[in-house]
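Please read the structure below before turning to the comments.
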Amino acid sequence: MGLFLLDYGAGNVRSLANSLTKLGYEFEWIASVQDFDKATRIIFPGVGAFHSAMQHLESKGFLEPLRRYIAAGKPYFGICIGMQVLFASSTEHPASPGLGVIDLTIEKFDSSEKSVPHIGWNAAQFIEPDERARAPDVVDANSSYYFVHSFRAKYDEKLPDSDWVYTTTQYGQEVFVSSVRKGNVFGTQFHPEKSGFAGLKLLKSWLESDHTAVSLFSPSKRLPRPPQSTHGLTKRVIACLDVRANDQGDLVVTKGDQYDVRERTVQDNVAGSVRNLGKPVSLAERYFTEGADEICLLNITSFRQSPLQDQPMLAVVRAAAETVFVPLTIGGGIKDSVDPDGTKRSALEVAGAYFRAGADKVSIGSEAVIAVEALRRGEETSNCAITTIARVYGSQAVVVSIDPRRSYVDPATYDGPYKAELIHGKTDGPESGKAWWYQCTVSGGRETRPLSAVELARGVEELGAGEILLNSIDRDGTGKGFDLDLIRLIRNAVHIPLVASSGAGAAAHFVEVFEHTNVEAALAAGIFHRHEVEIASVKKSLEDARLNVRIA
Ligand code: 1PR
């Protein structure tokens, strides 16, 4: 089979390549205009921004060959931006038209009633009830697929080109086009290469389907699809791996108590060796098979060296991406840096190396604090890591990891800048009479900064971050449950998705955080590493509590 992949150098295309290898398919990359003639199937795994995708196609001279390839009736499968480029235009960049195969427009989600980007696992519904009887089955309406995007084509059955719509999905109160299909052309807004076994199955069905038969299928009757009272987006359960070198120089997964990752001697509480809870790649694979919706790898001592010199971490990502087919977030050391030989590396370059290795999102910690401090001083921030990476790869690829610590004050006398953010201990609890605000830290909690977590969250949203990973140094490793006060405070401050982290000690804590705060995801480390709670039992508890989850 002349299967070719179209890559324009932005974002994680390795995961699709890994999925195809896993399925036993051989493929080539489109390298020249002539390859369009050789190809009998093309997959375009578009990632990043609509404009950069179109610009790259144009600068490489691929626009016309791609148009001709599609017009010739040869099979094309566009993923995410690879689907969006089929449309006439996108409000993401009005000056940059799309291929115009589908005469509909891509617009931004409305963020007034929900977090944007739309990140997570959602369902895809066939637009016609009898669709499966008439066309070869590619999408499975009973599966969840992984979405990560801020722009979408709103579904409107009255528009003429709506006969392209194959499935729709609901997010908040908006129903949008989650896949298109007509003749030789298929496209999904979601990422099959990141949708676990359901995604692998979809890829296999498309690769095996007889596209000449599909050409005969051109439905004309489109049904209205009014929004239902609830959408199908599931709450995500994330496993986090804190990675660092141990005293022998091996890269291990470790886990701290309030960020202290060294064993303590019982007698005199002296710091011992770095806790070793396993190997990063095999643990990541374990969490994928156990049903984690996402996996997060944090290089927790990244501040000590240049990340691009830190080859072992890139190798970990590369190896993990070969066996993990759910999203991978990589954090630690995403910043401008200088190699020992004097070579300058921009944060964008560092992030690019991780995306090419197989990461879907990068997580920025210390640099985000520095950037928001600069923003508050009124300085130029357009070149900060968050903004530059979001510009090229899309804001959905940029997570900010916040490491706040409670800063206690006397509630009777405190008159500082964070008065409006103060949390007062419950009168019947151990913190009765106390009050605190949440202070930002950098370098893994080693240094506190004069900035509150609320200010940081608002600042990073303004700079272009697409998600917040909200840790709590006070709760980390304690098993006391998530810090709901902190989570509510940040939830009310921003419109981007929020991942609650630190303190999970039982499946019930996940139920609690989802029932009492409006977060999109919750993350744990220690309980999963130590087999105290399995991911499946967390999902079961959430299901029992009638929360929407993906059962792998
Ligand atoms: O500052 O951009 O280089 O990023 C460094 C990253 O490393 C940040 O995301 C920072 O949170 C993380 N980090 C640095 N030091 C530590 C440490 O533990 N000593 N780990 C550290 C942060 C916290 C969570 C943890 C949850 C859940 N880890 O990610 O996994 O608290 O734990 P639990 O379920 O066991 O309670 P940069």
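As shown in the structure tokens, the chain order sets the letters A, B, ...; within each chain, residues go from 1, and ligands are also counted from 1 in the order they appear.
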
Could you give me the residues within stretch 98-249 of chain A that DSSP places in alpha helix (DSSP H), as a ChimeraX atom specification?
/A:131-134,196-208,211-215

Pull C-alpha atoms from the residues just selected and write them as a PDB file, in the first residue's frame.
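Writing done, so here's selection09.pdb:
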```
ATOM      1  CA  GLU A 131     -25.341   5.719   8.891  1.00  0.00           C
ATOM      2  CA  ARG A 132     -23.639   2.558   9.995  1.00  0.00           C
ATOM      3  CA  ALA A 133     -25.894   0.382   7.923  1.00  0.00           C
ATOM      4  CA  ARG A 134     -25.036   2.362   4.794  1.00  0.00           C
ATOM      5  CA  GLY A 196      -6.187   4.474  23.112  1.00  0.00           C
ATOM      6  CA  PHE A 197      -7.438   1.199  21.653  1.00  0.00           C
ATOM      7  CA  ALA A 198     -10.565   2.872  20.201  1.00  0.00           C
ATOM      8  CA  GLY A 199      -8.318   5.134  18.141  1.00  0.00           C
ATOM      9  CA  LEU A 200      -6.114   2.282  16.939  1.00  0.00           C
ATOM     10  CA  LYS A 201      -9.253   0.451  15.860  1.00  0.00           C
ATOM     11  CA  LEU A 202     -10.475   3.483  13.928  1.00  0.00           C
ATOM     12  CA  LEU A 203      -7.144   3.865  12.111  1.00  0.00           C
ATOM     13  CA  LYS A 204      -7.165   0.188  11.195  1.00  0.00           C
ATOM     14  CA  SER A 205     -10.737   0.355   9.847  1.00  0.00           C
ATOM     15  CA  TRP A 206      -9.932   3.379   7.686  1.00  0.00           C
ATOM     16  CA  LEU A 207      -6.781   1.714   6.348  1.00  0.00           C
ATOM     17  CA  GLU A 208      -8.752  -1.414   5.538  1.00  0.00           C
ATOM     18  CA  HIS A 211     -12.859   3.776  -0.465  1.00  0.00           C
ATOM     19  CA  THR A 212     -14.422   3.119  -3.855  1.00  0.00           C
ATOM     20  CA  ALA A 213     -17.487   1.780  -2.061  1.00  0.00           C
ATOM     21  CA  VAL A 214     -17.616   4.885   0.100  1.00  0.00           C
ATOM     22  CA  SER A 215     -17.581   7.061  -3.031  1.00  0.00           C
TER      23      SER A 215
END
```

Using only C-alpha atoms, which residues sit within 8 Å of A:Gly48 once same-chain residues fewer than 2 positions away are excluded, as a ChimeraX atom specification?
/A:10-11,46,50,52-53,81,392-394,397

List every residue of stretch 164-288 of chain A that DSSP, applied to the backbone of this structure, places in strand (DSSP E), and write the result as JSON, numbers by chain.
{"A": [165, 166, 167, 168, 169, 170, 171, 174, 175, 176, 177, 178, 179, 180, 181, 182, 185, 186, 187, 188, 236, 237, 238, 239, 240, 241, 242, 243, 244, 245, 251, 252, 253, 254, 262, 263, 264, 271, 272, 273, 274]}

Which value, in Å to one decimal, gives the distance between atom 27 (C, counted along the ligand's line) of ligand 1 and atom CA of A:Val324?
20.3 Å

Using only C-alpha atoms and all ligand atoms, I'd like a table of the residues in chain A that come within 7 Å of ligand 1; for each, show the closest atom pair and its distance in Å rounded to one decimal, ordered by chain and ascending number, as CSV.
```
residue,atom,partner,partner_atom_place_in_ligand_line,distance
A:Cys240,CA,ligand 1,30 (O),5.0
A:Leu241,CA,ligand 1,30 (O),6.2
A:Asp242,CA,ligand 1,20 (N),5.8
A:Lys255,CA,ligand 1,18 (O),6.3
A:Gly256,CA,ligand 1,18 (O),5.1
A:Gln258,CA,ligand 1,18 (O),7.0
A:Tyr259,CA,ligand 1,18 (O),3.6
A:Asp260,CA,ligand 1,19 (N),5.4
A:Val261,CA,ligand 1,19 (N),5.9
A:Leu298,CA,ligand 1,7 (O),5.2
A:Asn299,CA,ligand 1,7 (O),5.6
A:Ile300,CA,ligand 1,7 (O),3.7
A:Thr301,CA,ligand 1,14 (C),6.4
A:Ser302,CA,ligand 1,3 (O),5.1
A:Phe303,CA,ligand 1,3 (O),5.3
A:Gly331,CA,ligand 1,4 (O),5.5
A:Gly332,CA,ligand 1,4 (O),3.4
A:Gly333,CA,ligand 1,3 (O),3.8
A:Ile334,CA,ligand 1,2 (O),5.5
A:Ser363,CA,ligand 1,9 (O),6.5
A:Ile364,CA,ligand 1,2 (O),4.2
A:Gly365,CA,ligand 1,2 (O),3.4
A:Ser366,CA,ligand 1,1 (O),3.7
A:Glu367,CA,ligand 1,2 (O),5.9
A:Ser401,CA,ligand 1,9 (O),4.8
A:Ile402,CA,ligand 1,11 (O),6.4
A:Asp403,CA,ligand 1,11 (O),5.5
A:Val442,CA,ligand 1,1 (O),6.0
A:Ser443,CA,ligand 1,1 (O),5.2
A:Gly444,CA,ligand 1,15 (N),3.3
A:Gly445,CA,ligand 1,15 (N),6.5
A:Asn471,CA,ligand 1,31 (O),5.4
A:Ser472,CA,ligand 1,31 (O),6.3
A:Ile473,CA,ligand 1,31 (O),6.9
A:Arg475,CA,ligand 1,36 (O),6.3
A:Asp476,CA,ligand 1,36 (O),3.8
A:Gly477,CA,ligand 1,36 (O),3.6
A:Thr478,CA,ligand 1,36 (O),6.0
A:Gly479,CA,ligand 1,36 (O),6.1
A:Ser501,CA,ligand 1,26 (C),5.2
A:Ser502,CA,ligand 1,31 (O),3.5
A:Gly503,CA,ligand 1,36 (O),3.7
A:Ala504,CA,ligand 1,34 (O),5.0
A:Leu523,CA,ligand 1,27 (C),6.3
A:Ala524,CA,ligand 1,34 (O),3.5
A:Ala525,CA,ligand 1,34 (O),3.9
A:Gly526,CA,ligand 1,35 (O),3.6
A:Ile527,CA,ligand 1,35 (O),6.2
```

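Counting only C-alpha atoms and comparing A:Phe62, A:Phe77, A:Trp436, A:Phe288, the residue that lies closest to A:Ala412 is A:Trp436.
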
Which residues, written as an MDAnalysis selection string, have at least one atom at most 7 Å from A:Thr40, with only C-alpha atoms counted and residues fewer than 2 positions away on the same chain left out?
chainID A and resid 1:3 38 42 74:75
